[in-house]
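This report concerns only the one structure given below.
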Amino acid sequence: MRLAVIVAVAALAIGVPGSAAAHAAGPQEVCRITDPAVTEASGLAALPGGGYLVENDSNPEPRKTRLFYLGADCSLTRSVGYPTTARDPEDLAVDRKGTVWIADIGDNSPLTGGSGKRRDTIALWTLAPGAKNLKIHRLRYPDGAPRDAEALLIDGSGRPVIVTKDPSGEVFRLDTPLPTDNADGAPLTAVGRFEATHSGTSNPFGFLGDGFVTGAAVSPDGTRAVVRTYADAYEFDVPDGDVAKAITAGRPRVTPLPDEPQGEAVAYTPDGRDFLTVSDQPGPVAILRYTVDRPVPSPPSPSPPAAPPPATAGPDRTGKVALLTGAFVVVAIGLVAAVARRARRR
């Protein structure tokens, strides 16, 4: 949250106006989170059986940094605490096995409101189906340099993929087995970069908001992935389960998310058709639903019917016609000769 405040002040200081971008019909409010325990929802997921998961951003009171289960009406049903203090949770995901993943990957620099001591490792927390306690998995960037990140995806092989916010759009993946309760961070692999565009979609941070990656998600069937900024959602097709390749080399479909107060979360609906978002804000905050405009593939054109073969007289028919014609000529000549002979005799 501190980063967003500083960015907003910077945008106002340099006179960045809110852009007026054309966009489709606005989102539908699904429900409103009113429980005071949910103070800064920076991650969101829809549960297959109904309801939602959200997690609070970092909080001066560690007991408020929790994972929350919400009903279909956004009412709080239960929450899960961390066994040790989580530093800065920023995103969450539910994989195809039902395991909940929380991305404890935030790390603001001093320029964006963080402390002078930045993280040596980042962490993922998991909650397996039926488990009561979260497990920690510590990771590190390959060059050892700190980064602020807010986006997590789980690919078709169950590998976590992280997209950074600062520097914007760096993509990292864990290519080694996931460690548990480890002290030294397992090294991530640098895969590439996600490239946001200057869309002009109206958002509180002007053109700066176009570029900051604030959340991500994979569709329930694993065939699509979305990466969001403060301004837009970029959806990619994932035909082979390789999410990192899709978001670094694929061609996205862009859905504007205009004027969200501080949009830091995105999720798919359980049917995978639409996007859900929520803003990292204190107090009551709405879960919004966006209809995604995807092109309908054209049916294949029917093949033209094969032209019938040209009608030709077969060899037998041609031979019979020639034979009859020749016989007729011979008979006619014979008749003419016979008539001539009879005429001379007279």
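Starting from 1 in every chain, residues are counted up; chains themselves are A, B, ... following the order of the structure tokens, and ligands are numbered from 1 as listed.
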| request: Report as a VMD selection string: the residues of stretch 47-252 of chain A with a DSSP assignment of strand (DSSP E), based on the backbone of this structure. | output: chain A and resid 52 to 56 67 to 70 76 to 80 91 to 94 100 to 104 122 to 127 135 to 140 148 to 154 160 to 166 170 to 173 186 to 187 189 to 193 213 to 218 224 to 229 232 to 237
I'd like a table as a Markdown table: residues in stretch 168-268 of chain A with an atom no more than 9 Å from stretch 285-297 of chain A, each row giving the shortest atom pair and its distance in Å to one decimal, only C-alpha atoms counted, sorted by chain and rising residue number.
```
| residue | atom | partner | partner_atom | distance |
| --- | --- | --- | --- | --- |
| A:Arg253 | CA | A:Arg294 | CA | 7.6 |
| A:Val254 | CA | A:Asp293 | CA | 8.9 |
| A:Thr255 | CA | A:Val292 | CA | 6.7 |
| A:Leu257 | CA | A:Tyr290 | CA | 8.2 |
```
Output the selection as a short mmCIF file (atom, residue, chain, number, x, y, z; two decimals), in the first residue's frame - C-alpha atoms for each residue.
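Result file result.cif:
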```
data_model
loop_
_atom_site.label_atom_id
_atom_site.label_comp_id
_atom_site.auth_asym_id
_atom_site.auth_seq_id
_atom_site.Cartn_x
_atom_site.Cartn_y
_atom_site.Cartn_z
CA ARG A 253 -6.02 -9.92 -25.04
CA VAL A 254 -6.34 -6.74 -22.98
CA THR A 255 -9.32 -6.02 -20.72
CA LEU A 257 -9.89 -2.29 -15.44
#
```
| query | Could you pull the residues within 9 Å of stretch 65-74 of chain A, counting only C-alpha atoms, minus those fewer than 6 positions along the same chain, as a PyMOL selection string? | reply | chain A and resi 30-35+37-38+50-59+80-82+85-89+102+286-287
Give me the stretch 197-275 of chain A side of the contact with stretch 145-153 of chain A, cut-off 12 Å, one line per residue showing its nearest atom pair and distance in Å at one decimal, counting only C-alpha atoms, sorted by chain and residue number, as JSON lines.
```
{"residue": "A:Phe212", "atom": "CA", "partner": "A:Glu150", "partner_atom": "CA", "distance": 9.4}
{"residue": "A:Val213", "atom": "CA", "partner": "A:Glu150", "partner_atom": "CA", "distance": 6.9}
{"residue": "A:Thr214", "atom": "CA", "partner": "A:Glu150", "partner_atom": "CA", "distance": 5.1}
{"residue": "A:Gly215", "atom": "CA", "partner": "A:Ala151", "partner_atom": "CA", "distance": 4.1}
{"residue": "A:Ala216", "atom": "CA", "partner": "A:Ala151", "partner_atom": "CA", "distance": 5.1}
{"residue": "A:Ala217", "atom": "CA", "partner": "A:Leu153", "partner_atom": "CA", "distance": 5.4}
{"residue": "A:Val218", "atom": "CA", "partner": "A:Leu153", "partner_atom": "CA", "distance": 6.2}
{"residue": "A:Ser219", "atom": "CA", "partner": "A:Leu153", "partner_atom": "CA", "distance": 9.9}
{"residue": "A:Pro220", "atom": "CA", "partner": "A:Leu153", "partner_atom": "CA", "distance": 11.7}
{"residue": "A:Gly222", "atom": "CA", "partner": "A:Leu153", "partner_atom": "CA", "distance": 10.4}
{"residue": "A:Arg224", "atom": "CA", "partner": "A:Leu153", "partner_atom": "CA", "distance": 11.0}
{"residue": "A:Ala225", "atom": "CA", "partner": "A:Leu153", "partner_atom": "CA", "distance": 8.0}
{"residue": "A:Val226", "atom": "CA", "partner": "A:Leu153", "partner_atom": "CA", "distance": 8.9}
{"residue": "A:Val227", "atom": "CA", "partner": "A:Ala151", "partner_atom": "CA", "distance": 7.6}
{"residue": "A:Arg228", "atom": "CA", "partner": "A:Ala151", "partner_atom": "CA", "distance": 8.5}
{"residue": "A:Thr229", "atom": "CA", "partner": "A:Ala151", "partner_atom": "CA", "distance": 9.8}
{"residue": "A:Tyr230", "atom": "CA", "partner": "A:Glu150", "partner_atom": "CA", "distance": 11.6}
{"residue": "A:Gly241", "atom": "CA", "partner": "A:Leu153", "partner_atom": "CA", "distance": 11.4}
{"residue": "A:Asp242", "atom": "CA", "partner": "A:Leu153", "partner_atom": "CA", "distance": 10.7}
{"residue": "A:Val243", "atom": "CA", "partner": "A:Leu153", "partner_atom": "CA", "distance": 7.7}
{"residue": "A:Ala244", "atom": "CA", "partner": "A:Leu153", "partner_atom": "CA", "distance": 8.8}
{"residue": "A:Ala246", "atom": "CA", "partner": "A:Leu153", "partner_atom": "CA", "distance": 11.7}
{"residue": "A:Ile247", "atom": "CA", "partner": "A:Leu153", "partner_atom": "CA", "distance": 10.5}
{"residue": "A:Gly263", "atom": "CA", "partner": "A:Glu150", "partner_atom": "CA", "distance": 11.3}
{"residue": "A:Glu264", "atom": "CA", "partner": "A:Glu150", "partner_atom": "CA", "distance": 7.7}
{"residue": "A:Ala265", "atom": "CA", "partner": "A:Ala151", "partner_atom": "CA", "distance": 8.4}
{"residue": "A:Val266", "atom": "CA", "partner": "A:Ala151", "partner_atom": "CA", "distance": 9.4}
{"residue": "A:Ala267", "atom": "CA", "partner": "A:Leu153", "partner_atom": "CA", "distance": 10.5}
```
| field | Picked from stretch 12-213 of chain A by DSSP as helix (DSSP H, G or I), as JSON, numbers by chain | value | {"A": [12, 13, 62, 63, 64, 110, 111, 112, 206, 207, 208, 209, 210, 211]}
Next, dump the selected residues to file, keeping only N, CA, C and O atoms, as an mmCIF file, in the first residue's frame.
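Saved to result.cif:
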```cif
data_model
loop_
_atom_site.group_PDB
_atom_site.id
_atom_site.type_symbol
_atom_site.label_atom_id
_atom_site.label_comp_id
_atom_site.auth_asym_id
_atom_site.auth_seq_id
_atom_site.Cartn_x
_atom_site.Cartn_y
_atom_site.Cartn_z
ATOM 1 N N LEU A 12 0.886 12.953 -9.305
ATOM 2 C CA LEU A 12 0.278 14.267 -9.185
ATOM 3 C C LEU A 12 1.325 15.359 -9.297
ATOM 4 O O LEU A 12 1.100 16.419 -9.876
ATOM 5 N N ALA A 13 2.517 15.099 -8.737
ATOM 6 C CA ALA A 13 3.563 16.109 -8.747
ATOM 7 C C ALA A 13 4.025 16.434 -10.155
ATOM 8 O O ALA A 13 4.385 17.568 -10.459
ATOM 9 N N PRO A 62 0.821 -8.362 13.379
ATOM 10 C CA PRO A 62 0.933 -9.637 12.651
ATOM 11 C C PRO A 62 -0.321 -10.493 12.720
ATOM 12 O O PRO A 62 -0.610 -11.232 11.769
ATOM 13 N N ARG A 63 -1.105 -10.399 13.788
ATOM 14 C CA ARG A 63 -2.304 -11.239 13.899
ATOM 15 C C ARG A 63 -3.344 -10.883 12.837
ATOM 16 O O ARG A 63 -4.248 -11.667 12.557
ATOM 17 N N LYS A 64 -3.220 -9.693 12.248
ATOM 18 C CA LYS A 64 -4.157 -9.299 11.194
ATOM 19 C C LYS A 64 -3.690 -9.744 9.808
ATOM 20 O O LYS A 64 -4.430 -9.591 8.836
ATOM 21 N N PRO A 110 13.405 1.598 -0.236
ATOM 22 C CA PRO A 110 13.233 2.848 0.516
ATOM 23 C C PRO A 110 12.565 3.947 -0.298
ATOM 24 O O PRO A 110 11.854 4.790 0.251
ATOM 25 N N LEU A 111 12.763 3.936 -1.616
ATOM 26 C CA LEU A 111 12.136 4.955 -2.462
ATOM 27 C C LEU A 111 10.627 4.779 -2.552
ATOM 28 O O LEU A 111 9.908 5.723 -2.892
ATOM 29 N N THR A 112 10.149 3.577 -2.281
ATOM 30 C CA THR A 112 8.710 3.327 -2.375
ATOM 31 C C THR A 112 8.107 2.954 -1.023
ATOM 32 O O THR A 112 7.117 2.242 -0.944
ATOM 33 N N GLY A 206 -2.194 7.332 -13.233
ATOM 34 C CA GLY A 206 -1.859 7.808 -14.562
ATOM 35 C C GLY A 206 -1.030 6.816 -15.350
ATOM 36 O O GLY A 206 -1.234 5.607 -15.267
ATOM 37 N N PHE A 207 -0.059 7.328 -16.130
ATOM 38 C CA PHE A 207 0.716 6.423 -16.989
ATOM 39 C C PHE A 207 1.589 5.485 -16.161
ATOM 40 O O PHE A 207 1.957 4.408 -16.624
ATOM 41 N N LEU A 208 1.919 5.850 -14.916
ATOM 42 C CA LEU A 208 2.719 4.957 -14.087
ATOM 43 C C LEU A 208 1.955 3.685 -13.763
ATOM 44 O O LEU A 208 2.537 2.605 -13.649
ATOM 45 N N GLY A 209 0.640 3.804 -13.607
ATOM 46 C CA GLY A 209 -0.170 2.642 -13.271
ATOM 47 C C GLY A 209 -0.255 1.620 -14.379
ATOM 48 O O GLY A 209 -0.588 0.454 -14.125
ATOM 49 N N ASP A 210 0.037 2.031 -15.623
ATOM 50 C CA ASP A 210 0.004 1.094 -16.748
ATOM 51 C C ASP A 210 1.054 0.001 -16.615
ATOM 52 O O ASP A 210 0.880 -1.104 -17.129
ATOM 53 N N GLY A 211 2.184 0.332 -15.972
ATOM 54 C CA GLY A 211 3.323 -0.564 -16.028
ATOM 55 C C GLY A 211 3.548 -1.435 -14.819
ATOM 56 O O GLY A 211 4.263 -2.434 -14.901
#
```
